[in-house]
>>> print(open('query.pdb').read())   # PDB, C-alpha atoms, pLDDT in the B column
ATOM      1  CA  GLU X   1       5.424  -5.420  14.949  1.00 79.00           C
ATOM      2  CA  LEU X   2       4.115  -2.002  15.910  1.00 85.00           C
ATOM      3  CA  LYS X   3       0.330  -1.753  15.945  1.00 91.00           C
ATOM      4  CA  VAL X   4      -1.621   1.471  16.164  1.00 95.00           C
ATOM      5  CA  GLU X   5      -5.319   1.364  16.953  1.00 96.00           C
ATOM      6  CA  GLN X   6      -7.760   4.227  16.887  1.00 96.00           C
ATOM      7  CA  ASN X   7     -11.254   4.366  18.224  1.00 96.00           C
ATOM      8  CA  PRO X   8     -13.836   5.116  17.317  1.00 96.00           C
ATOM      9  CA  LEU X   9     -13.404   4.602  13.584  1.00 95.00           C
ATOM     10  CA  PHE X  10     -16.556   6.549  12.826  1.00 95.00           C
ATOM     11  CA  LEU X  11     -17.869   9.444  14.860  1.00 95.00           C
ATOM     12  CA  SER X  12     -20.975  11.468  14.178  1.00 95.00           C
ATOM     13  CA  MET X  13     -21.531  14.358  16.519  1.00 92.00           C
ATOM     14  CA  GLN X  14     -23.570  17.497  16.788  1.00 94.00           C
ATOM     15  CA  GLU X  15     -22.148  20.953  16.649  1.00 95.00           C
ATOM     16  CA  GLY X  16     -21.297  22.299  20.058  1.00 96.00           C
ATOM     17  CA  LYS X  17     -20.587  18.907  21.599  1.00 96.00           C
ATOM     18  CA  ASN X  18     -17.329  17.572  22.982  1.00 96.00           C
ATOM     19  CA  TYR X  19     -15.715  14.254  22.174  1.00 95.00           C
ATOM     20  CA  THR X  20     -12.416  12.380  22.378  1.00 97.00           C
ATOM     21  CA  ILE X  21     -10.635  10.166  19.857  1.00 98.00           C
ATOM     22  CA  TYR X  22      -8.257   7.584  21.265  1.00 98.00           C
ATOM     23  CA  CYS X  23      -5.033   6.221  19.822  1.00 97.00           C
ATOM     24  CA  ASN X  24      -3.329   3.198  21.363  1.00 96.00           C
ATOM     25  CA  TYR X  25       0.010   1.841  20.221  1.00 95.00           C
ATOM     26  CA  SER X  26       1.841  -1.331  21.050  1.00 93.00           C
ATOM     27  CA  THR X  27       5.537  -0.468  21.470  1.00 87.00           C
ATOM     28  CA  THR X  28       7.748   2.341  22.666  1.00 82.00           C
ATOM     29  CA  SER X  29       7.728   5.254  20.272  1.00 81.00           C
ATOM     30  CA  ASP X  30       9.861   8.339  19.739  1.00 77.00           C
ATOM     31  CA  ARG X  31       7.013  10.653  18.884  1.00 89.00           C
ATOM     32  CA  LEU X  32       3.356  10.710  17.924  1.00 94.00           C
ATOM     33  CA  TYR X  33       1.597  12.750  15.274  1.00 95.00           C
ATOM     34  CA  TRP X  34      -1.979  13.660  14.570  1.00 97.00           C
ATOM     35  CA  TYR X  35      -2.961  14.344  10.978  1.00 96.00           C
ATOM     36  CA  ARG X  36      -6.137  15.541   9.347  1.00 96.00           C
ATOM     37  CA  GLN X  37      -7.307  14.428   5.905  1.00 94.00           C
ATOM     38  CA  ASP X  38     -10.202  15.969   3.998  1.00 93.00           C
ATOM     39  CA  PRO X  39     -11.886  13.860   1.286  1.00 86.00           C
ATOM     40  CA  GLY X  40      -9.693  13.600  -1.784  1.00 81.00           C
ATOM     41  CA  LYS X  41      -6.948  15.633  -0.150  1.00 85.00           C
ATOM     42  CA  SER X  42      -3.575  14.968   1.385  1.00 87.00           C
ATOM     43  CA  LEU X  43      -2.621  14.784   5.039  1.00 92.00           C
ATOM     44  CA  GLU X  44      -2.276  17.945   7.058  1.00 92.00           C
ATOM     45  CA  SER X  45      -0.113  17.784  10.147  1.00 91.00           C
ATOM     46  CA  LEU X  46      -1.951  18.943  13.270  1.00 95.00           C
ATOM     47  CA  PHE X  47       0.243  18.072  16.230  1.00 94.00           C
ATOM     48  CA  VAL X  48       3.494  16.386  17.125  1.00 93.00           C
ATOM     49  CA  LEU X  49       3.844  15.050  20.664  1.00 93.00           C
ATOM     50  CA  LEU X  50       7.343  14.326  21.836  1.00 88.00           C
ATOM     51  CA  SER X  51       7.263  13.339  25.476  1.00 86.00           C
ATOM     52  CA  ASN X  52       5.164  11.889  28.241  1.00 86.00           C
ATOM     53  CA  GLY X  53       2.545  14.328  29.414  1.00 88.00           C
ATOM     54  CA  ALA X  54       2.831  16.511  26.337  1.00 90.00           C
ATOM     55  CA  VAL X  55      -0.274  18.523  25.575  1.00 93.00           C
ATOM     56  CA  LYS X  56      -0.811  20.627  22.469  1.00 95.00           C
ATOM     57  CA  GLN X  57      -3.814  22.781  21.633  1.00 96.00           C
ATOM     58  CA  GLU X  58      -4.914  24.486  18.451  1.00 95.00           C
ATOM     59  CA  GLY X  59      -8.343  26.040  18.361  1.00 95.00           C
ATOM     60  CA  ARG X  60     -10.973  23.452  19.272  1.00 96.00           C
ATOM     61  CA  LEU X  61      -8.521  20.535  19.159  1.00 97.00           C
ATOM     62  CA  MET X  62      -6.278  19.385  21.977  1.00 98.00           C
ATOM     63  CA  ALA X  63      -3.916  16.430  21.822  1.00 97.00           C
ATOM     64  CA  SER X  64      -2.175  14.680  24.702  1.00 97.00           C
ATOM     65  CA  LEU X  65       0.285  11.855  25.130  1.00 95.00           C
ATOM     66  CA  ASP X  66       0.756   9.274  27.878  1.00 94.00           C
ATOM     67  CA  THR X  67       3.786   7.210  26.927  1.00 92.00           C
ATOM     68  CA  LYS X  68       3.446   4.899  29.909  1.00 92.00           C
ATOM     69  CA  ALA X  69      -0.054   3.902  28.854  1.00 94.00           C
ATOM     70  CA  ARG X  70       0.952   4.128  25.165  1.00 94.00           C
ATOM     71  CA  LEU X  71      -2.091   6.277  24.609  1.00 96.00           C
ATOM     72  CA  SER X  72      -2.757   9.550  22.872  1.00 97.00           C
ATOM     73  CA  THR X  73      -6.034  11.416  22.810  1.00 98.00           C
ATOM     74  CA  LEU X  74      -7.443  14.058  20.489  1.00 98.00           C
ATOM     75  CA  HIS X  75     -10.122  16.038  22.254  1.00 98.00           C
ATOM     76  CA  ILE X  76     -12.649  18.086  20.337  1.00 96.00           C
ATOM     77  CA  THR X  77     -14.303  20.959  22.148  1.00 96.00           C
ATOM     78  CA  ALA X  78     -17.562  22.521  20.960  1.00 94.00           C
ATOM     79  CA  ALA X  79     -17.369  20.908  17.541  1.00 94.00           C
ATOM     80  CA  VAL X  80     -18.135  22.868  14.384  1.00 95.00           C
ATOM     81  CA  HIS X  81     -18.930  21.582  10.903  1.00 95.00           C
ATOM     82  CA  ASP X  82     -15.512  22.616   9.570  1.00 95.00           C
ATOM     83  CA  LEU X  83     -13.917  19.934  11.734  1.00 96.00           C
ATOM     84  CA  SER X  84     -15.527  17.184   9.645  1.00 97.00           C
ATOM     85  CA  ALA X  85     -12.633  15.130   8.249  1.00 96.00           C
ATOM     86  CA  THR X  86     -10.703  11.935   8.892  1.00 95.00           C
ATOM     87  CA  TYR X  87      -8.171  12.129  11.701  1.00 97.00           C
ATOM     88  CA  PHE X  88      -5.148   9.857  11.849  1.00 96.00           C
ATOM     89  CA  CYS X  89      -2.657   9.260  14.586  1.00 96.00           C
ATOM     90  CA  ALA X  90       0.773   8.055  13.528  1.00 95.00           C
ATOM     91  CA  VAL X  91       3.523   6.658  15.690  1.00 93.00           C
ATOM     92  CA  ASP X  92       7.095   7.412  14.727  1.00 88.00           C
ATOM     93  CA  ILE X  93      10.103   5.192  15.194  1.00 80.00           C
ATOM     94  CA  VAL X  94      13.100   7.369  14.476  1.00 73.00           C
ATOM     95  CA  LYS X  95      16.147   6.085  12.668  1.00 68.00           C
ATOM     96  CA  THR X  96      19.141   8.090  11.541  1.00 64.00           C
ATOM     97  CA  SER X  97      18.048   7.609   7.944  1.00 61.00           C
ATOM     98  CA  GLY X  98      14.594   9.073   8.523  1.00 63.00           C
ATOM     99  CA  SER X  99      11.400   8.426  10.383  1.00 72.00           C
ATOM    100  CA  ARG X 100       9.070   5.441  10.076  1.00 82.00           C
ATOM    101  CA  LEU X 101       5.444   6.357  10.550  1.00 88.00           C
ATOM    102  CA  THR X 102       2.911   3.689  11.404  1.00 91.00           C
ATOM    103  CA  PHE X 103      -0.618   4.983  11.029  1.00 94.00           C
ATOM    104  CA  GLY X 104      -3.833   4.121  12.757  1.00 95.00           C
ATOM    105  CA  GLU X 105      -6.896   3.297  10.668  1.00 94.00           C
ATOM    106  CA  GLY X 106      -8.273   6.799  11.009  1.00 95.00           C
ATOM    107  CA  THR X 107     -11.380   8.232  12.636  1.00 96.00           C
ATOM    108  CA  GLN X 108     -13.945   9.616  10.231  1.00 95.00           C
ATOM    109  CA  LEU X 109     -15.559  12.547  11.997  1.00 96.00           C
ATOM    110  CA  THR X 110     -18.834  14.061  10.837  1.00 96.00           C
ATOM    111  CA  VAL X 111     -20.117  17.137  12.631  1.00 96.00           C
ATOM    112  CA  ASN X 112     -23.795  17.746  12.038  1.00 93.00           C
ATOM    113  CA  PRO X 113     -25.530  21.112  12.376  1.00 86.00           C
TER     114      PRO X 113
ATOM    115  CA  GLU E   1       0.677  23.359   0.654  1.00 49.00           C
ATOM    116  CA  THR E   2       3.045  23.495  -2.325  1.00 69.00           C
ATOM    117  CA  GLY E   3       6.143  22.139  -0.573  1.00 92.00           C
ATOM    118  CA  VAL E   4       5.597  18.638  -1.959  1.00 95.00           C
ATOM    119  CA  THR E   5       4.034  18.190  -5.383  1.00 95.00           C
ATOM    120  CA  GLN E   6       2.903  15.038  -7.125  1.00 96.00           C
ATOM    121  CA  THR E   7       1.976  14.305 -10.726  1.00 97.00           C
ATOM    122  CA  PRO E   8      -0.262  13.132 -12.125  1.00 97.00           C
ATOM    123  CA  ARG E   9      -3.061  13.676  -9.650  1.00 95.00           C
ATOM    124  CA  HIS E  10      -5.209  10.989 -11.256  1.00 96.00           C
ATOM    125  CA  LEU E  11      -4.131   7.969 -13.318  1.00 96.00           C
ATOM    126  CA  VAL E  12      -6.081   5.153 -14.910  1.00 96.00           C
ATOM    127  CA  MET E  13      -4.044   2.312 -16.318  1.00 94.00           C
ATOM    128  CA  GLY E  14      -4.543  -1.189 -17.603  1.00 92.00           C
ATOM    129  CA  MET E  15      -2.807  -4.161 -16.071  1.00 90.00           C
ATOM    130  CA  THR E  16      -0.338  -4.389 -18.954  1.00 89.00           C
ATOM    131  CA  ASN E  17       0.615  -0.717 -18.975  1.00 90.00           C
ATOM    132  CA  LYS E  18       3.754   0.903 -17.633  1.00 94.00           C
ATOM    133  CA  LYS E  19       3.467   4.283 -15.979  1.00 96.00           C
ATOM    134  CA  SER E  20       5.380   6.419 -13.499  1.00 97.00           C
ATOM    135  CA  LEU E  21       4.374   8.616 -10.598  1.00 98.00           C
ATOM    136  CA  LYS E  22       6.465  11.671  -9.856  1.00 98.00           C
ATOM    137  CA  CYS E  23       7.076  13.496  -6.600  1.00 98.00           C
ATOM    138  CA  GLU E  24       9.069  16.683  -6.092  1.00 97.00           C
ATOM    139  CA  GLN E  25       9.841  18.424  -2.834  1.00 96.00           C
ATOM    140  CA  HIS E  26      10.851  22.076  -2.583  1.00 94.00           C
ATOM    141  CA  LEU E  27      11.699  22.031   1.114  1.00 95.00           C
ATOM    142  CA  GLY E  28      15.374  21.110   1.014  1.00 94.00           C
ATOM    143  CA  HIS E  29      14.698  17.844   2.823  1.00 93.00           C
ATOM    144  CA  ASN E  30      16.968  14.823   2.650  1.00 90.00           C
ATOM    145  CA  ALA E  31      14.458  12.003   3.125  1.00 90.00           C
ATOM    146  CA  MET E  32      11.538  11.036   0.891  1.00 93.00           C
ATOM    147  CA  TYR E  33       8.848   8.416   1.262  1.00 94.00           C
ATOM    148  CA  TRP E  34       6.153   6.591  -0.703  1.00 95.00           C
ATOM    149  CA  TYR E  35       2.948   5.557   1.062  1.00 95.00           C
ATOM    150  CA  LYS E  36      -0.073   3.640  -0.180  1.00 95.00           C
ATOM    151  CA  GLN E  37      -3.556   4.470   1.088  1.00 93.00           C
ATOM    152  CA  SER E  38      -6.188   1.874   0.201  1.00 92.00           C
ATOM    153  CA  ALA E  39      -9.843   2.039   1.070  1.00 84.00           C
ATOM    154  CA  LYS E  40     -10.522   0.838   4.586  1.00 74.00           C
ATOM    155  CA  LYS E  41      -6.843   0.248   5.383  1.00 81.00           C
ATOM    156  CA  PRO E  42      -4.298   2.350   7.240  1.00 85.00           C
ATOM    157  CA  LEU E  43      -1.645   4.177   5.277  1.00 90.00           C
ATOM    158  CA  GLU E  44       1.189   1.797   4.498  1.00 92.00           C
ATOM    159  CA  LEU E  45       4.806   2.857   4.192  1.00 91.00           C
ATOM    160  CA  MET E  46       6.259   1.474   0.960  1.00 94.00           C
ATOM    161  CA  PHE E  47       9.733   2.943   0.491  1.00 92.00           C
ATOM    162  CA  VAL E  48      12.108   5.300   2.247  1.00 90.00           C
ATOM    163  CA  TYR E  49      14.982   7.173   0.642  1.00 89.00           C
ATOM    164  CA  ASN E  50      17.615   9.149   2.484  1.00 83.00           C
ATOM    165  CA  PHE E  51      20.147  11.180   0.525  1.00 78.00           C
ATOM    166  CA  LYS E  52      19.033   9.304  -2.622  1.00 75.00           C
ATOM    167  CA  GLU E  53      19.727   5.914  -1.056  1.00 78.00           C
ATOM    168  CA  GLN E  54      16.911   3.492  -0.438  1.00 78.00           C
ATOM    169  CA  THR E  55      16.882   2.706   3.256  1.00 76.00           C
ATOM    170  CA  GLU E  56      13.673   0.749   3.476  1.00 77.00           C
ATOM    171  CA  ASN E  57      11.566  -1.447   1.262  1.00 77.00           C
ATOM    172  CA  ASN E  58       8.536  -2.517   3.216  1.00 77.00           C
ATOM    173  CA  SER E  59       8.031  -5.852   1.434  1.00 84.00           C
ATOM    174  CA  VAL E  60       6.605  -4.162  -1.619  1.00 91.00           C
ATOM    175  CA  PRO E  61       6.010  -6.311  -4.747  1.00 92.00           C
ATOM    176  CA  SER E  62       8.524  -5.852  -7.529  1.00 93.00           C
ATOM    177  CA  ARG E  63       5.861  -4.455  -9.863  1.00 94.00           C
ATOM    178  CA  PHE E  64       6.488  -1.219  -7.930  1.00 96.00           C
ATOM    179  CA  SER E  65       9.945   0.166  -8.626  1.00 94.00           C
ATOM    180  CA  PRO E  66      11.111   3.364  -6.944  1.00 94.00           C
ATOM    181  CA  GLU E  67      13.770   5.715  -8.222  1.00 95.00           C
ATOM    182  CA  CYS E  68      15.368   8.671  -6.476  1.00 94.00           C
ATOM    183  CA  PRO E  69      17.750  10.518  -8.815  1.00 93.00           C
ATOM    184  CA  ASN E  70      18.378  13.316  -6.302  1.00 91.00           C
ATOM    185  CA  SER E  71      17.142  14.488  -2.926  1.00 89.00           C
ATOM    186  CA  SER E  72      14.344  16.554  -4.469  1.00 94.00           C
ATOM    187  CA  HIS E  73      12.770  14.009  -6.803  1.00 96.00           C
ATOM    188  CA  LEU E  74      11.210  10.627  -6.254  1.00 96.00           C
ATOM    189  CA  PHE E  75       9.549   8.375  -8.796  1.00 97.00           C
ATOM    190  CA  LEU E  76       7.447   5.267  -8.532  1.00 97.00           C
ATOM    191  CA  HIS E  77       7.537   3.174 -11.680  1.00 97.00           C
ATOM    192  CA  LEU E  78       4.553   0.905 -12.178  1.00 96.00           C
ATOM    193  CA  HIS E  79       4.241  -2.167 -14.398  1.00 94.00           C
ATOM    194  CA  THR E  80       1.851  -5.116 -14.672  1.00 93.00           C
ATOM    195  CA  LEU E  81      -0.237  -3.889 -11.772  1.00 94.00           C
ATOM    196  CA  GLN E  82      -3.245  -5.659 -10.336  1.00 94.00           C
ATOM    197  CA  PRO E  83      -6.693  -4.172  -9.616  1.00 93.00           C
ATOM    198  CA  GLU E  84      -5.955  -4.390  -5.879  1.00 93.00           C
ATOM    199  CA  ASP E  85      -3.143  -1.888  -6.431  1.00 95.00           C
ATOM    200  CA  SER E  86      -5.757   0.797  -7.013  1.00 96.00           C
ATOM    201  CA  ALA E  87      -5.227   3.317  -4.226  1.00 95.00           C
ATOM    202  CA  LEU E  88      -4.079   6.804  -3.338  1.00 94.00           C
ATOM    203  CA  TYR E  89      -0.284   6.991  -3.469  1.00 96.00           C
ATOM    204  CA  LEU E  90       1.187   9.639  -1.226  1.00 96.00           C
ATOM    205  CA  CYS E  91       4.682  11.023  -1.275  1.00 96.00           C
ATOM    206  CA  ALA E  92       6.224  12.698   1.754  1.00 95.00           C
ATOM    207  CA  SER E  93       9.517  14.310   2.674  1.00 93.00           C
ATOM    208  CA  SER E  94      11.326  15.178   5.879  1.00 90.00           C
ATOM    209  CA  GLN E  95      14.608  16.535   7.123  1.00 88.00           C
ATOM    210  CA  ASP E  96      16.191  13.552   8.807  1.00 79.00           C
ATOM    211  CA  TYR E  97      13.765  12.260  11.419  1.00 74.00           C
ATOM    212  CA  ARG E  98      11.676  15.389  11.689  1.00 81.00           C
ATOM    213  CA  ARG E  99       8.053  15.870  10.706  1.00 85.00           C
ATOM    214  CA  GLN E 100       6.999  14.483   7.354  1.00 89.00           C
ATOM    215  CA  TYR E 101       5.232  16.743   4.887  1.00 92.00           C
ATOM    216  CA  PHE E 102       2.852  15.059   2.492  1.00 94.00           C
ATOM    217  CA  GLY E 103       2.045  15.751  -1.129  1.00 95.00           C
ATOM    218  CA  PRO E 104      -1.507  15.818  -2.517  1.00 93.00           C
ATOM    219  CA  GLY E 105      -1.331  12.221  -3.742  1.00 95.00           C
ATOM    220  CA  THR E 106      -1.971  10.396  -6.998  1.00 96.00           C
ATOM    221  CA  ARG E 107      -5.280   8.556  -7.256  1.00 95.00           C
ATOM    222  CA  LEU E 108      -4.460   5.371  -9.208  1.00 96.00           C
ATOM    223  CA  THR E 109      -7.076   3.129 -10.760  1.00 96.00           C
ATOM    224  CA  VAL E 110      -6.000  -0.163 -12.332  1.00 95.00           C
ATOM    225  CA  THR E 111      -8.500  -1.622 -14.771  1.00 93.00           C
TER     226      THR E 111
END
>>> encode(input="query.pdb", output="structure tokens")
Amino acid sequence: ELKVEQNPLFLSMQEGKNYTIYCNYSTTSDRLYWYRQDPGKSLESLFVLLSNGAVKQEGRLMASLDTKARLSTLHITAAVHDLSATYFCAVDIVKTSGSRLTFGEGTQLTVNP
Amino acid sequence: ETGVTQTPRHLVMGMTNKKSLKCEQHLGHNAMYWYKQSAKKPLELMFVYNFKEQTENNSVPSRFSPECPNSSHLFLHLHTLQPEDSALYLCASSQDYRRQYFGPGTRLTVT
């Protein structure tokens, strides 16, 4: 059974600081996603990582993937309040009939002024 | 994001009621999914449909009954639910194995 673990589950940080969220998974995967969810809202896709060593950046967020270590990281640079949300990683096992996402528990990020 | 819509957005129902959740995707995708998001638990995949055919039932109790009349519409029929079924139900769609796009969700409360 595929397991996906994120840490930390709760993160409170000050504006301007840097931090990293970690996502570990237990079996070989075809791809890895990072999603953002604001309270009461749906999931917004941030990044898809397809291969070992993949790195994607968008604004203050950068995601990377190490398939050998089965580890993905989401790095936050110079955090701002607008980044406060819950961040999920999801590991995808692809089948011809569609994908099968297994989600981590989520990291609830609060950025304080 | 209006590519995937869900109705209703909020639903309160008693344990003896029967209700249905509706999902519609306007993206031309061929796969649709139901997920359950409970408090303090990861999102759980419930059902997968591909070209209207159910391809996965993730050990979901029979009080949840999905229906996919065509590739654009997906329903989740609910009957004799339990309070622990209260959750946010999310619909998603994708083209084959590509990225899934999520709807806004239906917040379900079972009383």
>>> atom_distance(input="query.pdb", atom1="atom CA of X:Ala54", atom2="atom CA of X:Thr28")
15.4 Å
>>> residues_around(input="query.pdb", residues="stretch 18-26 of chain E", least_positions_apart="4", cutoff="9 Å", atoms="only C-alpha atoms", output="PDB file with C-alpha atoms, in the coordinates of the input")
ATOM      1  CA  THR E   2       3.045  23.495  -2.325  1.00 69.00           C
ATOM      2  CA  GLY E   3       6.143  22.139  -0.573  1.00 92.00           C
ATOM      3  CA  VAL E   4       5.597  18.638  -1.959  1.00 95.00           C
ATOM      4  CA  THR E   5       4.034  18.190  -5.383  1.00 95.00           C
ATOM      5  CA  GLN E   6       2.903  15.038  -7.125  1.00 96.00           C
ATOM      6  CA  THR E   7       1.976  14.305 -10.726  1.00 97.00           C
ATOM      7  CA  PRO E   8      -0.262  13.132 -12.125  1.00 97.00           C
ATOM      8  CA  LEU E  11      -4.131   7.969 -13.318  1.00 96.00           C
ATOM      9  CA  MET E  13      -4.044   2.312 -16.318  1.00 94.00           C
ATOM     10  CA  GLY E  14      -4.543  -1.189 -17.603  1.00 92.00           C
ATOM     11  CA  MET E  32      11.538  11.036   0.891  1.00 93.00           C
ATOM     12  CA  SER E  71      17.142  14.488  -2.926  1.00 89.00           C
ATOM     13  CA  SER E  72      14.344  16.554  -4.469  1.00 94.00           C
ATOM     14  CA  HIS E  73      12.770  14.009  -6.803  1.00 96.00           C
ATOM     15  CA  LEU E  74      11.210  10.627  -6.254  1.00 96.00           C
ATOM     16  CA  PHE E  75       9.549   8.375  -8.796  1.00 97.00           C
ATOM     17  CA  LEU E  76       7.447   5.267  -8.532  1.00 97.00           C
ATOM     18  CA  HIS E  77       7.537   3.174 -11.680  1.00 97.00           C
ATOM     19  CA  LEU E  78       4.553   0.905 -12.178  1.00 96.00           C
ATOM     20  CA  HIS E  79       4.241  -2.167 -14.398  1.00 94.00           C
ATOM     21  CA  THR E  80       1.851  -5.116 -14.672  1.00 93.00           C
ATOM     22  CA  LEU E  81      -0.237  -3.889 -11.772  1.00 94.00           C
ATOM     23  CA  TYR E  89      -0.284   6.991  -3.469  1.00 96.00           C
ATOM     24  CA  LEU E  90       1.187   9.639  -1.226  1.00 96.00           C
ATOM     25  CA  CYS E  91       4.682  11.023  -1.275  1.00 96.00           C
ATOM     26  CA  ALA E  92       6.224  12.698   1.754  1.00 95.00           C
ATOM     27  CA  SER E  93       9.517  14.310   2.674  1.00 93.00           C
ATOM     28  CA  GLY E 103       2.045  15.751  -1.129  1.00 95.00           C
ATOM     29  CA  GLY E 105      -1.331  12.221  -3.742  1.00 95.00           C
ATOM     30  CA  THR E 106      -1.971  10.396  -6.998  1.00 96.00           C
TER      31      THR E 106
END
>>> residues_around(input="query.pdb", residues="stretch 40-42 of chain E", least_positions_apart="2", cutoff="10 Å", atoms="all atoms listed in the file", output="list of chain:residue names")
X:Val4, X:Glu5, X:Phe88, X:Ala90, X:Thr102, X:Phe103, X:Gly104, X:Glu105, X:Gly106, E:Lys36, E:Gln37, E:Ser38, E:Glu44, E:Leu45
>>> resolve_selection(input="query.pdb", expression="the PyMOL selection byres ((chain X) within 12 of (chain E))", output="number ranges by chain")
X: 3-6, 9-10, 30-50, 86-108
>>> resolve_selection(input="query.pdb", expression="the PyMOL selection byres ((chain X and resi 66-75) around 8)", output="VMD selection string")
chain X and resid 18 to 29 32 51 to 54 61 to 65 76 to 77
>>> atom_distance(input="query.pdb", atom1="atom CA of E:Ala87", atom2="atom CA of E:Thr109")
6.8 Å
>>> atom_distance(input="query.pdb", atom1="atom CA of E:Ala39", atom2="atom CA of E:Arg63")
20.2 Å
>>> axis_aligned_box(input="query.pdb", around="stretch 61-73 of chain E", padding_each_side="3 Å", output="JSON")
{"center_x": 12.1, "center_y": 5.1, "center_z": -6.4, "size_x": 18.5, "size_y": 28.9, "size_z": 12.9}
>>> build_atoms(input="query.pdb", residues="stretch 19-36 of chain E", atoms="N, CA and C atoms", output="compact mmCIF listing (two decimals), in the coordinates of the input")
# COMPACT_ATOMS: atom_id res chain seq x y z
N LYS E 19 3.60 2.86 -16.26
CA LYS E 19 3.47 4.28 -15.98
C LYS E 19 4.39 4.65 -14.82
N SER E 20 4.56 5.95 -14.61
CA SER E 20 5.38 6.42 -13.50
C SER E 20 4.68 7.54 -12.76
N LEU E 21 4.83 7.53 -11.44
CA LEU E 21 4.37 8.62 -10.60
C LEU E 21 5.59 9.45 -10.23
N LYS E 22 5.36 10.77 -10.16
CA LYS E 22 6.46 11.67 -9.86
C LYS E 22 6.16 12.47 -8.60
N CYS E 23 7.18 12.67 -7.80
CA CYS E 23 7.08 13.50 -6.60
C CYS E 23 8.26 14.45 -6.57
N GLU E 24 8.00 15.69 -6.22
CA GLU E 24 9.07 16.68 -6.09
C GLU E 24 8.87 17.47 -4.81
N GLN E 25 9.94 17.63 -4.06
CA GLN E 25 9.84 18.42 -2.83
C GLN E 25 10.73 19.65 -2.95
N HIS E 26 10.18 20.77 -2.47
CA HIS E 26 10.85 22.08 -2.58
C HIS E 26 11.26 22.59 -1.21
N LEU E 27 11.47 21.66 -0.28
CA LEU E 27 11.70 22.03 1.11
C LEU E 27 13.14 21.83 1.55
N GLY E 28 13.98 21.35 0.66
CA GLY E 28 15.37 21.11 1.01
C GLY E 28 15.57 19.91 1.93
N HIS E 29 14.61 19.01 1.95
CA HIS E 29 14.70 17.84 2.82
C HIS E 29 15.63 16.78 2.25
N ASN E 30 16.06 15.87 3.12
CA ASN E 30 16.97 14.82 2.65
C ASN E 30 16.35 13.44 2.67
N ALA E 31 15.12 13.31 3.10
CA ALA E 31 14.46 12.00 3.12
C ALA E 31 13.12 12.11 2.39
N MET E 32 12.79 11.07 1.62
CA MET E 32 11.54 11.04 0.89
C MET E 32 10.91 9.65 1.03
N TYR E 33 9.60 9.62 0.94
CA TYR E 33 8.85 8.42 1.26
C TYR E 33 7.71 8.21 0.25
N TRP E 34 7.39 6.95 0.00
CA TRP E 34 6.15 6.59 -0.70
C TRP E 34 5.25 5.83 0.26
N TYR E 35 3.97 6.24 0.28
CA TYR E 35 2.95 5.56 1.06
C TYR E 35 1.82 5.14 0.13
N LYS E 36 1.12 4.08 0.53
CA LYS E 36 -0.07 3.64 -0.18
C LYS E 36 -1.26 3.75 0.78
